[in-house]
>>> print(open('data-v2.pdb').read())   # PDB, C-alpha atoms
MODEL        1
ATOM      1  CA  MET A   1      13.951  14.369 -14.910  1.00  0.00           C
ATOM      2  CA  PRO A   2      11.049  12.259 -16.238  1.00  0.00           C
ATOM      3  CA  GLN A   3       9.344  13.461 -19.389  1.00  0.00           C
ATOM      4  CA  LYS A   4       5.805  14.832 -19.295  1.00  0.00           C
ATOM      5  CA  SER A   5       4.587  11.539 -20.709  1.00  0.00           C
ATOM      6  CA  SER A   6       5.914   9.564 -17.736  1.00  0.00           C
ATOM      7  CA  LYS A   7       3.397   7.589 -15.720  1.00  0.00           C
ATOM      8  CA  VAL A   8       1.723   8.803 -12.556  1.00  0.00           C
ATOM      9  CA  ALA A   9       1.312   6.717  -9.414  1.00  0.00           C
ATOM     10  CA  ILE A  10      -0.691   7.466  -6.296  1.00  0.00           C
ATOM     11  CA  VAL A  11       0.649   5.975  -3.066  1.00  0.00           C
ATOM     12  CA  THR A  12      -1.676   6.271  -0.092  1.00  0.00           C
ATOM     13  CA  GLY A  13       0.014   6.268   3.284  1.00  0.00           C
ATOM     14  CA  GLY A  14       3.095   7.140   1.267  1.00  0.00           C
ATOM     15  CA  ALA A  15       4.966   9.379   3.691  1.00  0.00           C
ATOM     16  CA  HIS A  16       6.477   6.572   5.776  1.00  0.00           C
ATOM     17  CA  GLY A  17       7.234   2.846   5.905  1.00  0.00           C
ATOM     18  CA  ILE A  18       6.355   0.653   2.934  1.00  0.00           C
ATOM     19  CA  GLY A  19       4.570   3.519   1.221  1.00  0.00           C
ATOM     20  CA  LEU A  20       7.595   5.800   1.328  1.00  0.00           C
ATOM     21  CA  ALA A  21       9.953   3.059   0.120  1.00  0.00           C
ATOM     22  CA  THR A  22       7.576   2.391  -2.771  1.00  0.00           C
ATOM     23  CA  ALA A  23       7.266   6.070  -3.642  1.00  0.00           C
ATOM     24  CA  GLN A  24      11.057   6.364  -3.711  1.00  0.00           C
ATOM     25  CA  LEU A  25      11.448   3.318  -5.968  1.00  0.00           C
ATOM     26  CA  LEU A  26       8.748   4.573  -8.335  1.00  0.00           C
ATOM     27  CA  LEU A  27      10.449   7.974  -8.514  1.00  0.00           C
ATOM     28  CA  GLU A  28      13.752   6.260  -9.298  1.00  0.00           C
ATOM     29  CA  ASN A  29      11.985   4.505 -12.182  1.00  0.00           C
ATOM     30  CA  GLU A  30      10.692   7.755 -13.712  1.00  0.00           C
ATOM     31  CA  TYR A  31       7.190   7.728 -12.312  1.00  0.00           C
ATOM     32  CA  ARG A  32       5.646  10.941 -11.108  1.00  0.00           C
ATOM     33  CA  VAL A  33       4.188  10.239  -7.692  1.00  0.00           C
ATOM     34  CA  ALA A  34       1.325  11.666  -5.653  1.00  0.00           C
ATOM     35  CA  ILE A  35       1.825  10.803  -2.002  1.00  0.00           C
ATOM     36  CA  TRP A  36      -1.382  10.905   0.020  1.00  0.00           C
ATOM     37  CA  ASP A  37      -1.089  10.695   3.782  1.00  0.00           C
ATOM     38  CA  SER A  38      -3.271  11.627   6.729  1.00  0.00           C
ATOM     39  CA  SER A  39      -0.321  12.816   8.861  1.00  0.00           C
ATOM     40  CA  GLN A  40       1.037  16.275   8.136  1.00  0.00           C
ATOM     41  CA  GLY A  41       4.336  15.751   9.968  1.00  0.00           C
ATOM     42  CA  PRO A  42       5.634  12.974   7.701  1.00  0.00           C
ATOM     43  CA  LEU A  43       4.444  14.926   4.656  1.00  0.00           C
ATOM     44  CA  ASP A  44       6.436  17.949   5.806  1.00  0.00           C
ATOM     45  CA  SER A  45       9.556  15.747   6.010  1.00  0.00           C
ATOM     46  CA  LEU A  46       9.358  14.609   2.395  1.00  0.00           C
ATOM     47  CA  PRO A  47      11.413  17.452   0.832  1.00  0.00           C
ATOM     48  CA  LYS A  48      14.367  16.548   3.048  1.00  0.00           C
ATOM     49  CA  ILE A  49      14.014  12.839   2.261  1.00  0.00           C
ATOM     50  CA  LEU A  50      13.310  13.065  -1.468  1.00  0.00           C
ATOM     51  CA  GLY A  51      15.428  16.102  -2.352  1.00  0.00           C
ATOM     52  CA  LYS A  52      15.271  16.991  -6.048  1.00  0.00           C
ATOM     53  CA  LYS A  53      12.704  14.257  -6.645  1.00  0.00           C
ATOM     54  CA  MET A  54      10.115  16.524  -5.023  1.00  0.00           C
ATOM     55  CA  LYS A  55       9.952  18.288  -8.402  1.00  0.00           C
ATOM     56  CA  VAL A  56       8.001  15.299  -9.716  1.00  0.00           C
ATOM     57  CA  CYS A  57       6.207  14.498  -6.495  1.00  0.00           C
ATOM     58  CA  LEU A  58       2.970  15.847  -5.017  1.00  0.00           C
ATOM     59  CA  ALA A  59       2.376  15.600  -1.255  1.00  0.00           C
ATOM     60  CA  LEU A  60      -1.283  15.739  -0.216  1.00  0.00           C
ATOM     61  CA  ARG A  61      -2.876  15.462   3.201  1.00  0.00           C
ATOM     62  CA  CYS A  62      -5.814  13.114   2.779  1.00  0.00           C
ATOM     63  CA  ASP A  63      -7.892  10.968   5.107  1.00  0.00           C
ATOM     64  CA  ILE A  64      -8.884   8.218   2.689  1.00  0.00           C
ATOM     65  CA  SER A  65     -11.816   7.166   4.850  1.00  0.00           C
ATOM     66  CA  ASN A  66     -13.405  10.524   3.990  1.00  0.00           C
ATOM     67  CA  GLU A  67     -15.138  10.481   0.604  1.00  0.00           C
ATOM     68  CA  ASN A  68     -14.871  14.225   0.033  1.00  0.00           C
ATOM     69  CA  GLU A  69     -11.152  14.248   0.809  1.00  0.00           C
ATOM     70  CA  VAL A  70     -10.518  11.382  -1.604  1.00  0.00           C
ATOM     71  CA  GLN A  71     -12.411  13.157  -4.373  1.00  0.00           C
ATOM     72  CA  GLN A  72     -10.421  16.338  -3.747  1.00  0.00           C
ATOM     73  CA  ALA A  73      -7.127  14.454  -3.700  1.00  0.00           C
ATOM     74  CA  VAL A  74      -7.967  12.896  -7.068  1.00  0.00           C
ATOM     75  CA  ARG A  75      -8.777  16.339  -8.485  1.00  0.00           C
ATOM     76  CA  ASN A  76      -5.530  17.772  -7.108  1.00  0.00           C
ATOM     77  CA  THR A  77      -3.506  14.881  -8.511  1.00  0.00           C
ATOM     78  CA  LEU A  78      -5.028  15.336 -11.974  1.00  0.00           C
ATOM     79  CA  ALA A  79      -4.511  19.096 -11.818  1.00  0.00           C
ATOM     80  CA  GLN A  80      -0.828  18.543 -11.083  1.00  0.00           C
ATOM     81  CA  PHE A  81      -0.041  15.617 -13.377  1.00  0.00           C
ATOM     82  CA  GLY A  82      -2.907  15.263 -15.857  1.00  0.00           C
ATOM     83  CA  ARG A  83      -3.280  11.502 -15.573  1.00  0.00           C
ATOM     84  CA  ILE A  84      -3.276   8.519 -13.194  1.00  0.00           C
ATOM     85  CA  ASP A  85      -1.733   5.166 -14.110  1.00  0.00           C
ATOM     86  CA  VAL A  86      -1.172   3.363 -10.806  1.00  0.00           C
ATOM     87  CA  LEU A  87      -3.039   3.378  -7.509  1.00  0.00           C
ATOM     88  CA  MET A  88      -1.283   1.793  -4.561  1.00  0.00           C
ATOM     89  CA  ASN A  89      -3.743   1.412  -1.704  1.00  0.00           C
ATOM     90  CA  ASN A  90      -1.215   1.245   1.086  1.00  0.00           C
ATOM     91  CA  ALA A  91      -2.625   3.364   3.931  1.00  0.00           C
ATOM     92  CA  GLY A  92      -3.533   1.325   6.976  1.00  0.00           C
ATOM     93  CA  VAL A  93      -3.963   1.445  10.727  1.00  0.00           C
ATOM     94  CA  MET A  94      -4.102  -1.229  13.427  1.00  0.00           C
ATOM     95  CA  ASP A  95      -5.940  -1.473  16.730  1.00  0.00           C
ATOM     96  CA  GLU A  96      -4.961  -4.078  19.336  1.00  0.00           C
ATOM     97  CA  LYS A  97      -7.413  -4.534  22.206  1.00  0.00           C
ATOM     98  CA  PRO A  98      -9.185  -7.439  23.883  1.00  0.00           C
ATOM     99  CA  LEU A  99     -12.583  -8.045  22.304  1.00  0.00           C
ATOM    100  CA  ALA A 100     -14.490  -6.744  25.319  1.00  0.00           C
ATOM    101  CA  GLU A 101     -12.671  -3.422  25.059  1.00  0.00           C
ATOM    102  CA  VAL A 102     -13.068  -2.846  21.333  1.00  0.00           C
ATOM    103  CA  THR A 103     -15.649  -0.144  20.677  1.00  0.00           C
ATOM    104  CA  LEU A 104     -17.632   0.253  17.494  1.00  0.00           C
ATOM    105  CA  ALA A 105     -15.704   3.476  16.893  1.00  0.00           C
ATOM    106  CA  ASP A 106     -12.421   1.539  17.155  1.00  0.00           C
ATOM    107  CA  TRP A 107     -13.696  -1.018  14.648  1.00  0.00           C
ATOM    108  CA  ASN A 108     -15.000   1.593  12.229  1.00  0.00           C
ATOM    109  CA  ARG A 109     -11.753   3.580  12.320  1.00  0.00           C
ATOM    110  CA  VAL A 110      -9.700   0.600  11.143  1.00  0.00           C
ATOM    111  CA  ILE A 111     -12.235  -0.666   8.608  1.00  0.00           C
ATOM    112  CA  GLY A 112     -12.723   2.904   7.372  1.00  0.00           C
ATOM    113  CA  THR A 113      -9.061   3.388   6.558  1.00  0.00           C
ATOM    114  CA  ASN A 114      -7.951  -0.090   5.547  1.00  0.00           C
ATOM    115  CA  LEU A 115     -10.971  -1.206   3.545  1.00  0.00           C
ATOM    116  CA  THR A 116     -13.360   1.666   2.849  1.00  0.00           C
ATOM    117  CA  GLY A 117     -10.413   3.925   2.016  1.00  0.00           C
ATOM    118  CA  ALA A 118      -9.189   1.464  -0.595  1.00  0.00           C
ATOM    119  CA  PHE A 119     -12.697   1.216  -2.036  1.00  0.00           C
ATOM    120  CA  LEU A 120     -13.097   4.995  -2.253  1.00  0.00           C
ATOM    121  CA  SER A 121      -9.667   5.470  -3.804  1.00  0.00           C
ATOM    122  CA  ALA A 122     -10.415   2.806  -6.408  1.00  0.00           C
ATOM    123  CA  LYS A 123     -13.889   4.221  -7.100  1.00  0.00           C
ATOM    124  CA  TYR A 124     -12.655   7.741  -7.818  1.00  0.00           C
ATOM    125  CA  THR A 125      -9.547   6.800  -9.819  1.00  0.00           C
ATOM    126  CA  ALA A 126     -11.084   3.987 -11.888  1.00  0.00           C
ATOM    127  CA  ALA A 127     -12.102   6.182 -14.829  1.00  0.00           C
ATOM    128  CA  GLU A 128      -8.601   7.621 -15.175  1.00  0.00           C
ATOM    129  CA  LEU A 129      -6.945   4.245 -14.711  1.00  0.00           C
ATOM    130  CA  SER A 130      -9.176   2.816 -17.440  1.00  0.00           C
ATOM    131  CA  LYS A 131      -8.061   5.479 -19.905  1.00  0.00           C
ATOM    132  CA  HIS A 132      -4.442   4.395 -19.554  1.00  0.00           C
ATOM    133  CA  ARG A 133      -4.898   0.642 -18.919  1.00  0.00           C
ATOM    134  CA  GLY A 134      -3.538   1.212 -15.453  1.00  0.00           C
ATOM    135  CA  CYS A 135      -3.468  -0.889 -12.328  1.00  0.00           C
ATOM    136  CA  ILE A 136      -4.454  -0.973  -8.686  1.00  0.00           C
ATOM    137  CA  ILE A 137      -2.251  -2.622  -6.087  1.00  0.00           C
ATOM    138  CA  ASN A 138      -3.817  -3.211  -2.683  1.00  0.00           C
ATOM    139  CA  MET A 139      -1.662  -3.692   0.390  1.00  0.00           C
ATOM    140  CA  ALA A 140      -3.151  -6.607   2.294  1.00  0.00           C
ATOM    141  CA  SER A 141      -1.267  -8.648   4.912  1.00  0.00           C
ATOM    142  CA  THR A 142      -0.499 -12.199   5.973  1.00  0.00           C
ATOM    143  CA  ARG A 143      -2.900 -11.318   8.841  1.00  0.00           C
ATOM    144  CA  ALA A 144      -5.596 -12.111   6.289  1.00  0.00           C
ATOM    145  CA  PHE A 145      -4.649 -15.781   6.766  1.00  0.00           C
ATOM    146  CA  GLN A 146      -3.352 -15.983  10.332  1.00  0.00           C
ATOM    147  CA  SER A 147      -3.598 -13.848  13.441  1.00  0.00           C
ATOM    148  CA  GLU A 148      -2.043 -12.737  16.654  1.00  0.00           C
ATOM    149  CA  ALA A 149      -4.518 -12.178  19.459  1.00  0.00           C
ATOM    150  CA  ASP A 150      -6.636  -9.035  19.622  1.00  0.00           C
ATOM    151  CA  THR A 151      -6.256  -7.818  16.031  1.00  0.00           C
ATOM    152  CA  PHE A 152      -9.874  -8.305  14.977  1.00  0.00           C
ATOM    153  CA  SER A 153     -10.485  -5.266  12.803  1.00  0.00           C
ATOM    154  CA  TYR A 154      -7.052  -5.336  11.175  1.00  0.00           C
ATOM    155  CA  SER A 155      -7.254  -9.017  10.215  1.00  0.00           C
ATOM    156  CA  ALA A 156     -10.834  -8.618   9.014  1.00  0.00           C
ATOM    157  CA  SER A 157      -9.970  -5.585   6.901  1.00  0.00           C
ATOM    158  CA  LYS A 158      -7.022  -7.297   5.253  1.00  0.00           C
ATOM    159  CA  GLY A 159      -9.000 -10.430   4.460  1.00  0.00           C
ATOM    160  CA  ALA A 160     -11.740  -8.285   2.950  1.00  0.00           C
ATOM    161  CA  LEU A 161      -9.168  -6.334   0.962  1.00  0.00           C
ATOM    162  CA  ILE A 162      -8.087  -9.512  -0.805  1.00  0.00           C
ATOM    163  CA  ALA A 163     -11.723 -10.206  -1.699  1.00  0.00           C
ATOM    164  CA  LEU A 164     -12.116  -6.617  -2.895  1.00  0.00           C
ATOM    165  CA  THR A 165      -9.044  -7.153  -5.060  1.00  0.00           C
ATOM    166  CA  HIS A 166     -10.495  -9.979  -7.126  1.00  0.00           C
ATOM    167  CA  SER A 167     -13.883  -8.275  -7.271  1.00  0.00           C
ATOM    168  CA  LEU A 168     -12.301  -5.136  -8.697  1.00  0.00           C
ATOM    169  CA  ALA A 169     -10.164  -7.177 -11.102  1.00  0.00           C
ATOM    170  CA  VAL A 170     -13.210  -8.888 -12.576  1.00  0.00           C
ATOM    171  CA  SER A 171     -15.262  -5.694 -12.633  1.00  0.00           C
ATOM    172  CA  LEU A 172     -12.646  -3.328 -14.073  1.00  0.00           C
ATOM    173  CA  GLY A 173     -10.808  -5.682 -16.415  1.00  0.00           C
ATOM    174  CA  PRO A 174      -9.421  -5.754 -18.972  1.00  0.00           C
ATOM    175  CA  GLN A 175      -8.783  -2.016 -18.836  1.00  0.00           C
ATOM    176  CA  VAL A 176      -7.519  -2.084 -15.232  1.00  0.00           C
ATOM    177  CA  ARG A 177      -5.477  -4.814 -13.576  1.00  0.00           C
ATOM    178  CA  VAL A 178      -5.936  -5.268  -9.818  1.00  0.00           C
ATOM    179  CA  ASN A 179      -3.681  -7.287  -7.515  1.00  0.00           C
ATOM    180  CA  SER A 180      -2.818  -7.349  -3.847  1.00  0.00           C
ATOM    181  CA  ILE A 181       0.329  -7.924  -1.830  1.00  0.00           C
ATOM    182  CA  SER A 182       0.370  -9.561   1.598  1.00  0.00           C
ATOM    183  CA  PRO A 183       3.564  -8.637   3.430  1.00  0.00           C
ATOM    184  CA  GLY A 184       4.685 -10.623   6.440  1.00  0.00           C
ATOM    185  CA  TRP A 185       7.080  -9.245   9.035  1.00  0.00           C
ATOM    186  CA  ILE A 186       8.463  -6.077   7.480  1.00  0.00           C
ATOM    187  CA  ASP A 187      10.735  -3.968   9.681  1.00  0.00           C
ATOM    188  CA  VAL A 188       9.637  -0.351   9.285  1.00  0.00           C
ATOM    189  CA  THR A 189      11.320   0.913  12.455  1.00  0.00           C
ATOM    190  CA  GLY A 190      14.475   2.169  10.756  1.00  0.00           C
ATOM    191  CA  GLU A 191      16.421   0.409  13.519  1.00  0.00           C
ATOM    192  CA  PRO A 192      17.311  -3.023  12.102  1.00  0.00           C
ATOM    193  CA  GLU A 193      20.078  -3.413  14.660  1.00  0.00           C
ATOM    194  CA  LYS A 194      17.402  -4.004  17.307  1.00  0.00           C
ATOM    195  CA  LEU A 195      16.201  -7.161  15.584  1.00  0.00           C
ATOM    196  CA  ARG A 196      17.293 -10.354  17.283  1.00  0.00           C
ATOM    197  CA  LYS A 197      18.981 -13.371  15.717  1.00  0.00           C
ATOM    198  CA  LYS A 198      15.883 -15.465  16.398  1.00  0.00           C
ATOM    199  CA  ASP A 199      13.717 -12.875  14.641  1.00  0.00           C
ATOM    200  CA  HIS A 200      15.630 -13.517  11.437  1.00  0.00           C
ATOM    201  CA  GLU A 201      15.974 -17.276  11.918  1.00  0.00           C
ATOM    202  CA  GLN A 202      12.225 -17.935  12.015  1.00  0.00           C
ATOM    203  CA  HIS A 203      12.083 -16.907   8.345  1.00  0.00           C
ATOM    204  CA  PRO A 204      13.097 -19.570   5.768  1.00  0.00           C
ATOM    205  CA  ALA A 205      14.644 -16.700   3.798  1.00  0.00           C
ATOM    206  CA  GLY A 206      16.934 -16.058   6.766  1.00  0.00           C
ATOM    207  CA  ARG A 207      15.913 -12.511   7.596  1.00  0.00           C
ATOM    208  CA  VAL A 208      13.113 -10.151   8.497  1.00  0.00           C
ATOM    209  CA  GLY A 209      11.743  -8.228   5.520  1.00  0.00           C
ATOM    210  CA  THR A 210      12.371  -4.607   4.596  1.00  0.00           C
ATOM    211  CA  PRO A 211      10.068  -2.052   2.949  1.00  0.00           C
ATOM    212  CA  ASP A 212      12.155  -2.356  -0.217  1.00  0.00           C
ATOM    213  CA  ASP A 213      11.187  -6.027  -0.507  1.00  0.00           C
ATOM    214  CA  VAL A 214       7.563  -4.984  -0.882  1.00  0.00           C
ATOM    215  CA  ALA A 215       8.324  -1.960  -3.040  1.00  0.00           C
ATOM    216  CA  ARG A 216      10.008  -4.174  -5.633  1.00  0.00           C
ATOM    217  CA  MET A 217       6.856  -6.301  -5.882  1.00  0.00           C
ATOM    218  CA  VAL A 218       4.797  -3.146  -6.438  1.00  0.00           C
ATOM    219  CA  LEU A 219       7.120  -2.108  -9.264  1.00  0.00           C
ATOM    220  CA  PHE A 220       6.819  -5.581 -10.799  1.00  0.00           C
ATOM    221  CA  LEU A 221       3.020  -5.534 -10.719  1.00  0.00           C
ATOM    222  CA  ALA A 222       2.879  -1.993 -12.112  1.00  0.00           C
ATOM    223  CA  ASN A 223       4.925  -2.994 -15.149  1.00  0.00           C
ATOM    224  CA  ASP A 224       2.812  -3.172 -18.319  1.00  0.00           C
ATOM    225  CA  ALA A 225       4.773  -6.241 -19.421  1.00  0.00           C
ATOM    226  CA  ASN A 226       3.033  -8.160 -16.621  1.00  0.00           C
ATOM    227  CA  ASP A 227      -0.454  -7.423 -17.901  1.00  0.00           C
ATOM    228  CA  PHE A 228      -1.536 -11.086 -17.733  1.00  0.00           C
ATOM    229  CA  ILE A 229      -1.462 -10.939 -13.932  1.00  0.00           C
ATOM    230  CA  THR A 230      -4.675  -9.747 -12.315  1.00  0.00           C
ATOM    231  CA  GLY A 231      -6.942 -10.706  -9.435  1.00  0.00           C
ATOM    232  CA  GLN A 232      -4.055 -12.275  -7.553  1.00  0.00           C
ATOM    233  CA  ASN A 233      -2.574 -11.939  -4.072  1.00  0.00           C
ATOM    234  CA  PHE A 234       1.202 -12.146  -3.614  1.00  0.00           C
ATOM    235  CA  VAL A 235       2.641 -13.130  -0.233  1.00  0.00           C
ATOM    236  CA  VAL A 236       5.971 -11.444   0.524  1.00  0.00           C
ATOM    237  CA  ASP A 237       6.970 -12.876   3.883  1.00  0.00           C
ATOM    238  CA  GLY A 238      10.309 -14.658   3.557  1.00  0.00           C
ATOM    239  CA  GLY A 239       8.443 -17.969   3.694  1.00  0.00           C
ATOM    240  CA  MET A 240       7.324 -17.413   7.266  1.00  0.00           C
ATOM    241  CA  THR A 241       3.699 -18.487   6.756  1.00  0.00           C
ATOM    242  CA  LYS A 242       4.866 -21.782   5.199  1.00  0.00           C
ATOM    243  CA  LYS A 243       6.922 -22.804   8.216  1.00  0.00           C
ATOM    244  CA  MET A 244       5.275 -25.210  10.674  1.00  0.00           C
ATOM    245  CA  ILE A 245       6.041 -24.248  14.254  1.00  0.00           C
ATOM    246  CA  TYR A 246       5.883 -26.760  17.097  1.00  0.00           C
ATOM    247  CA  VAL A 247       6.320 -25.590  20.689  1.00  0.00           C
TER
ENDMDL
END
>>> encode(input="data-v2.pdb", output="structure tokens")
Amino acid sequence: MPQKSSKVAIVTGGAHGIGLATAQLLLENEYRVAIWDSSQGPLDSLPKILGKKMKVCLALRCDISNENEVQQAVRNTLAQFGRIDVLMNNAGVMDEKPLAEVTLADWNRVIGTNLTGAFLSAKYTAAELSKHRGCIINMASTRAFQSEADTFSYSASKGALIALTHSLAVSLGPQVRVNSISPGWIDVTGEPEKLRKKDHEQHPAGRVGTPDDVARMVLFLANDANDFITGQNFVVDGGMTKKMIYV
């Protein structure tokens, strides 16, 4: 079991997908982890998934687009662990509709979670992160640089998140390092057998990504030994965005 002096990481959207894989890897590396998620069902499943690691894990229901809920989640995290060293802004939602059908409420829901939620989480953890020379890791996307049709709010939020990353890095440094990760195609279905040969072959790396691929980059960026890296965005996509495609 980690010692009381072990570091504390917050993972938003941490009850499933990339967030859960990251939380598990951080726990394996003696972090104490606060998992914030807006969905109660996945949170309720964590004891079965994490087993004994739940002793050093805090599961909190939190809608990060809600300022009051973020403030309360920060208070609860500090009450449980006494410090915050890492914030992983991972929570995100997507809306796919033709432009004529996208309502302002649709737009605001995605921007509220993906961008405003990251801002609020950074705002209310910054003082604690500064005390411990901590770091923020924002989960952007290769959709910040390229798009499929009808993903307006998602692509916009991820592009803005990269800009927020370097703004926070300049504003909070040197006490707090801030970087972002832009995953490409990451299979979070839990059913890799359904992937087709051509799905893998379109990646120069030869395969579709897994949540663990991203989690390992989070662990790298959280490491104090890498304290010269800040304000940067890291693409983890198996080389897919570098491949020219002619049809």
>>> residues_around(input="data-v2.pdb", residues="Ala21 (chain A)", least_positions_apart="2", cutoff="6 Å", atoms="all atoms listed in the file", output="PDB file with C-alpha atoms, keeping the file's coordinate frame")
ATOM      1  CA  ILE A  18       6.355   0.653   2.934  1.00  0.00           C
ATOM      2  CA  GLY A  19       4.570   3.519   1.221  1.00  0.00           C
ATOM      3  CA  ALA A  23       7.266   6.070  -3.642  1.00  0.00           C
ATOM      4  CA  GLN A  24      11.057   6.364  -3.711  1.00  0.00           C
ATOM      5  CA  PRO A 211      10.068  -2.052   2.949  1.00  0.00           C
ATOM      6  CA  ASP A 212      12.155  -2.356  -0.217  1.00  0.00           C
TER       7      ASP A 212
END
>>> closest_residue(input="data-v2.pdb", among="A:Gly184, A:Gly159, A:Gly134, A:Gly92", to="Gly209 (chain A)", atoms="all atoms listed in the file")
A:Gly184
>>> residues_around(input="data-v2.pdb", residues="Asn89 (chain A)", least_positions_apart="6", cutoff="6 Å", atoms="all atoms listed in the file", output="PyMOL selection string")
chain A and resi 12+118+138-139
>>> resolve_selection(input="data-v2.pdb", expression="the PyMOL selection byres ((chain A and resi 237) around 7)", output="list in words")
Pro183, Gly184, Trp185, Gly209, Val235, Val236, Gly238, Gly239 and Met240 of chain A
>>> resolve_selection(input="data-v2.pdb", expression="the PyMOL selection byres ((chain A and resi 41) around 12)", output="ChimeraX atom specification")
/A:15-16,37-40,42-47,59-61
>>> residues_near_point(input="data-v2.pdb", point="(-9.9, 1.5, 12.6)", cutoff="7 Å", atoms="only C-alpha atoms", output="ChimeraX atom specification")
/A:93-95,106-113,153
>>> closest_residue(input="data-v2.pdb", among="A:Trp36, A:Phe119, A:Tyr246, A:Phe152", to="Glu96 (chain A)", atoms="only C-alpha atoms")
A:Phe152
>>> atom_distance(input="data-v2.pdb", atom1="CA of Glu201 (chain A)", atom2="CA of Leu219 (chain A)")
27.5 Å
>>> residues_around(input="data-v2.pdb", residues="Val74 (chain A)", least_positions_apart="4", cutoff="12 Å", atoms="only C-alpha atoms", output="MDAnalysis selection string")
chainID A and resid 8:12 34:36 58 60:62 64 67:70 78:84 87 120:129
>>> closest_residue(input="data-v2.pdb", among="A:Gly117, A:Gly231, A:Gly14, A:Pro98", to="Val178 (chain A)", atoms="all atoms listed in the file")
A:Gly231
